[in-house]
Amino acid sequence: MSSNSPKPSVKKGVTPSPSASLIVICPLPEPGPDGCDFQVMMLRRTSRTGSSFASGWVFPGGNCDKADSDSELWMPVVDAEAASDPFLTTKICAIRETFEESGLLLTIPAPPPPASLSTERTTVHTSASTFPYLLSQHSLKPALSSLTRFANWVTPPGLPKRFDTQFFISRLPRSDIAADARGFASDGQEAVELAFFSPREALQRALPPSLPVPAGWEPGLGGGVLYPPQAYILAELAVFANHSALMHAAREREPNVQTFAPRPHRLSSAQTVLLYPGDHLYAGSAGKPGALNRGMAMPVDKVVPGIVKDGKGQTMTLAIVRRGVGSGQGLDAELSVGPVKDLGGLQGGNEDEQPRSKL
């Protein structure tokens, strides 16, 4: 599978593993305390040594299995139109991994309750090749059309584990059942906790009370761990208070999803940020002069460790700023989360280097 956007060159080393993740949007009967009428399913990863995104809150997902791309296995449960989808393998992976990690199974028609599929869930977790047989046994098809491609993140070179992850977004049917009572639960292996948060709440959990927050936000709660892709995506989701508006914006953006390959950049001898496409310092990006798209200031204040971690597990401050990138509307809206003054270009921040030449 390949992105619709050109991908930055990758140096020799670890090849990114194809993977997929699903942003599950759960509509609420009425808006929550922060005015948002939806929540997002999130899983807290195990802290086990060697685990990817250790202790972090993530969206369900994982590596593609060879069975996900086996056309003979999937032919009985995938129609001809879906079979031609260039993102079929990653969509199947996202649906399978979500079922394994949370018990949520996205199918047409709707599947039996999660509790009645606990044995099958364990079996699929052990062997991905059993997933299409499970669907056939219950006369189900994967709800591929319910997934909208939302983002593509590639782990930078130089890390021991690298991923080329397609993020999809899907909205559950509106329900009067509280999100935390839908019967979903973490698998207790790769994920040790499952919860539903509004995007703003998920971000606030990773912001300590001592750090500034955007106007209208409550002080940070502290204690949560986020990694760059999840933090940035949550900041994009937090722009929306209405799930219908969010899904409309996601469908509008789908044909032009951009590949994000974060690049560390030293602002000063004591400050490093992660640059994203569109930033005027991101090499090869057609960023406008002064445009900012960056996040995760390093290093973090030692008084409040464990807020956000990068790919190497290094602790960083949760901070995101996007200005002068895109149209400024919907998913292109300006972002400002955390101590943006540490990211340069705002509130007196300085940059030691001049903008890099475009490739």
# chains A, B, ... in the order shown; residues from 1 in each chain; ligands from 1
$ residues_around --residues "A:Phe196" --least-positions-apart "6" --cutoff "6 Å" --atoms "only C-alpha atoms" --output "NGL selection string"
:A and (39-41)
$ closest_atom_pairs --of "stretch 84-176 of chain A" --to "stretch 227-239 of chain A" --cutoff "10 Å" --atoms "only C-alpha atoms" --output "JSON lines"
{"residue": "A:Phe150", "atom": "CA", "partner": "A:Ile233", "partner_atom": "CA", "distance": 9.1}
{"residue": "A:Ala151", "atom": "CA", "partner": "A:Ile233", "partner_atom": "CA", "distance": 8.2}
{"residue": "A:Asn152", "atom": "CA", "partner": "A:Pro229", "partner_atom": "CA", "distance": 9.2}
{"residue": "A:Trp153", "atom": "CA", "partner": "A:Pro229", "partner_atom": "CA", "distance": 6.9}
{"residue": "A:Val154", "atom": "CA", "partner": "A:Pro229", "partner_atom": "CA", "distance": 9.3}
{"residue": "A:Thr155", "atom": "CA", "partner": "A:Pro229", "partner_atom": "CA", "distance": 9.5}
{"residue": "A:Thr165", "atom": "CA", "partner": "A:Pro229", "partner_atom": "CA", "distance": 9.7}
{"residue": "A:Phe167", "atom": "CA", "partner": "A:Ile233", "partner_atom": "CA", "distance": 9.4}
$ write_last_selection --atoms "all heavy atoms" --output "CSV table (one decimal), in the first residue's frame"
chain,number,residue,atom,x,y,z
A,150,PHE,N,-7.5,8.8,7.4
A,150,PHE,CA,-7.4,10.0,8.2
A,150,PHE,C,-6.0,10.6,8.2
A,150,PHE,O,-5.8,11.8,8.2
A,150,PHE,CB,-8.0,9.8,9.6
A,150,PHE,CG,-8.1,11.1,10.4
A,150,PHE,CD1,-9.3,11.9,10.2
A,150,PHE,CD2,-7.2,11.5,11.3
A,150,PHE,CE1,-9.5,13.0,10.9
A,150,PHE,CE2,-7.3,12.7,12.0
A,150,PHE,CZ,-8.5,13.5,11.8
A,151,ALA,N,-5.0,9.7,8.4
A,151,ALA,CA,-3.6,10.2,8.5
A,151,ALA,C,-2.7,9.1,8.2
A,151,ALA,O,-3.1,7.9,8.2
A,151,ALA,CB,-3.4,10.7,9.9
A,152,ASN,N,-1.4,9.4,7.9
A,152,ASN,CA,-0.4,8.5,7.7
A,152,ASN,C,0.9,9.0,8.3
A,152,ASN,O,1.4,10.0,8.0
A,152,ASN,CB,-0.2,8.3,6.1
A,152,ASN,CG,1.0,7.4,5.8
A,152,ASN,OD1,1.7,7.6,4.8
A,152,ASN,ND2,1.3,6.4,6.5
A,153,TRP,N,1.4,8.2,9.3
A,153,TRP,CA,2.6,8.6,10.1
A,153,TRP,C,3.7,7.5,9.9
A,153,TRP,O,3.4,6.3,9.9
A,153,TRP,CB,2.3,8.7,11.6
A,153,TRP,CG,1.6,10.0,11.9
A,153,TRP,CD1,0.3,10.3,11.6
A,153,TRP,CD2,2.1,11.1,12.7
A,153,TRP,NE1,0.0,11.5,12.1
A,153,TRP,CE2,1.0,12.0,12.8
A,153,TRP,CE3,3.3,11.3,13.3
A,153,TRP,CZ2,1.2,13.2,13.4
A,153,TRP,CZ3,3.5,12.5,14.0
A,153,TRP,CH2,2.4,13.5,14.0
A,154,VAL,N,4.9,8.0,9.6
A,154,VAL,CA,6.0,7.1,9.4
A,154,VAL,C,7.1,7.4,10.5
A,154,VAL,O,7.5,8.6,10.6
A,154,VAL,CB,6.7,7.2,8.0
A,154,VAL,CG1,7.9,6.3,7.9
A,154,VAL,CG2,5.6,6.9,6.9
A,155,THR,N,7.5,6.4,11.2
A,155,THR,CA,8.5,6.6,12.3
A,155,THR,C,9.8,7.1,11.6
A,155,THR,O,10.2,6.5,10.6
A,155,THR,CB,8.8,5.3,13.0
A,155,THR,OG1,7.5,4.7,13.4
A,155,THR,CG2,9.6,5.5,14.3
A,165,THR,N,2.2,3.8,9.4
A,165,THR,CA,0.9,3.5,9.9
A,165,THR,C,-0.2,4.3,9.2
A,165,THR,O,-0.1,5.6,9.1
A,165,THR,CB,0.8,3.8,11.4
A,165,THR,OG1,1.8,3.1,12.1
A,165,THR,CG2,-0.6,3.5,12.0
A,167,PHE,N,-3.8,5.6,9.5
A,167,PHE,CA,-4.8,5.9,10.6
A,167,PHE,C,-6.2,6.1,9.8
A,167,PHE,O,-6.3,6.9,8.9
A,167,PHE,CB,-4.5,7.1,11.4
A,167,PHE,CG,-3.4,6.9,12.4
A,167,PHE,CD1,-2.1,7.1,12.0
A,167,PHE,CD2,-3.7,6.6,13.7
A,167,PHE,CE1,-1.0,7.0,12.9
A,167,PHE,CE2,-2.6,6.4,14.6
A,167,PHE,CZ,-1.3,6.6,14.2
$ select_by_dssp --residues "stretch 133-270 of chain A" --states "strand (DSSP E or B)" --output "short mmCIF file (atom, residue, chain, number, x, y, z; two decimals) with C-alpha atoms, in the first residue's frame"
data_model
loop_
_atom_site.label_atom_id
_atom_site.label_comp_id
_atom_site.auth_asym_id
_atom_site.auth_seq_id
_atom_site.Cartn_x
_atom_site.Cartn_y
_atom_site.Cartn_z
CA LYS A 141 -18.49 -8.88 6.02
CA PRO A 142 -15.93 -6.36 7.25
CA THR A 148 -12.20 6.83 6.21
CA ARG A 149 -8.46 7.29 5.76
CA PHE A 150 -7.45 10.03 8.17
CA ALA A 151 -3.65 10.19 8.52
CA ASN A 152 -0.37 8.47 7.65
CA TRP A 153 2.59 8.57 10.06
CA VAL A 154 6.03 7.08 9.43
CA PHE A 163 6.09 1.84 11.49
CA ASP A 164 4.32 3.12 8.38
CA THR A 165 0.88 3.52 9.90
CA GLN A 166 -2.37 4.30 8.13
CA PHE A 167 -4.84 5.87 10.55
CA PHE A 168 -8.51 5.41 9.71
CA ILE A 169 -11.51 6.97 11.40
CA SER A 170 -14.91 5.34 11.87
CA ARG A 171 -18.07 6.47 13.67
CA ALA A 191 -3.52 -3.25 26.11
CA VAL A 192 -4.26 -3.18 29.83
CA GLU A 193 -7.02 -0.57 29.98
CA LEU A 194 -9.80 0.70 27.69
CA ALA A 195 -11.54 4.03 28.14
CA PHE A 196 -13.54 6.65 26.25
CA PHE A 197 -12.49 10.31 26.34
CA LEU A 226 0.85 10.19 24.78
CA THR A 259 2.44 11.58 5.14
CA PHE A 260 3.91 12.70 8.47
CA ARG A 263 12.05 15.26 12.08
CA PRO A 264 13.91 16.41 15.19
CA HIS A 265 15.22 19.97 14.92
CA ARG A 266 17.35 21.85 17.45
CA LEU A 267 16.03 25.33 18.13
CA SER A 268 18.78 26.09 20.59
#
$ residues_around --residues "A:Val78" --least-positions-apart "5" --cutoff "12 Å" --atoms "only C-alpha atoms" --output "list of chain:residue names"
A:Asp68, A:Ser69, A:Asp70, A:Ser71, A:Glu72, A:Leu73, A:Ala83, A:Ser84, A:Asp85, A:Leu88, A:Thr89, A:Lys91, A:Ile92, A:Thr107, A:Ile108, A:Pro132, A:Leu135, A:Ser136, A:Ser139, A:Leu140, A:Lys141, A:Pro142, A:Ala143, A:Leu144, A:Ser145
$ atom_distance --atom1 "atom CA of A:Pro157" --atom2 "atom CA of A:Tyr276"
14.6 Å
$ atom_distance --atom1 "atom CA of A:Arg200" --atom2 "atom CA of A:Gly338"
12.0 Å
$ atom_distance --atom1 "atom CA of A:Arg45" --atom2 "atom CA of A:Leu117"
22.4 Å
$ residues_around --residues "A:Glu120" --least-positions-apart "3" --cutoff "9 Å" --atoms "only C-alpha atoms" --output "list of chain:residue names"
A:Ser116, A:Leu117, A:Thr123, A:Val124, A:His125, A:Thr130, A:Phe131, A:Leu134
$ residues_around --residues "A:Leu172" --least-positions-apart "4" --cutoff "9 Å" --atoms "only C-alpha atoms" --output "list of chain:residue names"
A:Val24, A:Ile25, A:Cys26, A:Pro27, A:Leu106, A:Ser146
$ write_last_selection --atoms "N, CA and C atoms" --output "CSV table (one decimal), in the first residue's frame"
chain,number,residue,atom,x,y,z
A,24,VAL,N,-11.8,5.4,16.7
A,24,VAL,CA,-13.3,5.0,16.8
A,24,VAL,C,-14.0,6.2,17.5
A,25,ILE,N,-14.9,6.8,16.8
A,25,ILE,CA,-15.7,7.9,17.3
A,25,ILE,C,-17.1,7.4,17.8
A,26,CYS,N,-17.3,7.7,19.1
A,26,CYS,CA,-18.6,7.2,19.7
A,26,CYS,C,-19.5,8.4,20.0
A,27,PRO,N,-20.6,8.6,19.3
A,27,PRO,CA,-21.5,9.7,19.5
A,27,PRO,C,-22.1,9.6,20.9
A,106,LEU,N,-16.3,-4.4,13.6
A,106,LEU,CA,-17.1,-3.6,12.6
A,106,LEU,C,-17.4,-4.4,11.4
A,146,SER,N,-17.0,1.8,6.2
A,146,SER,CA,-17.2,2.7,7.3
A,146,SER,C,-15.9,3.4,7.7
$ closest_residue --among "A:Ala202, A:Ile320, A:Leu331, A:Leu43" --to "A:Glu97" --atoms "only C-alpha atoms"
A:Leu43
$ closest_residue --among "A:Ser269, A:Ser336, A:Ser55, A:Thr98" --to "A:Val225" --atoms "only C-alpha atoms"
A:Ser55
$ residues_around --residues "A:Val337" --least-positions-apart "2" --cutoff "8 Å" --atoms "only C-alpha atoms" --output "list in words"
Val213, Pro214, Ala235, Leu318, Ala319, Ile320, Val321, Leu335, Pro339 and Val340 of chain A
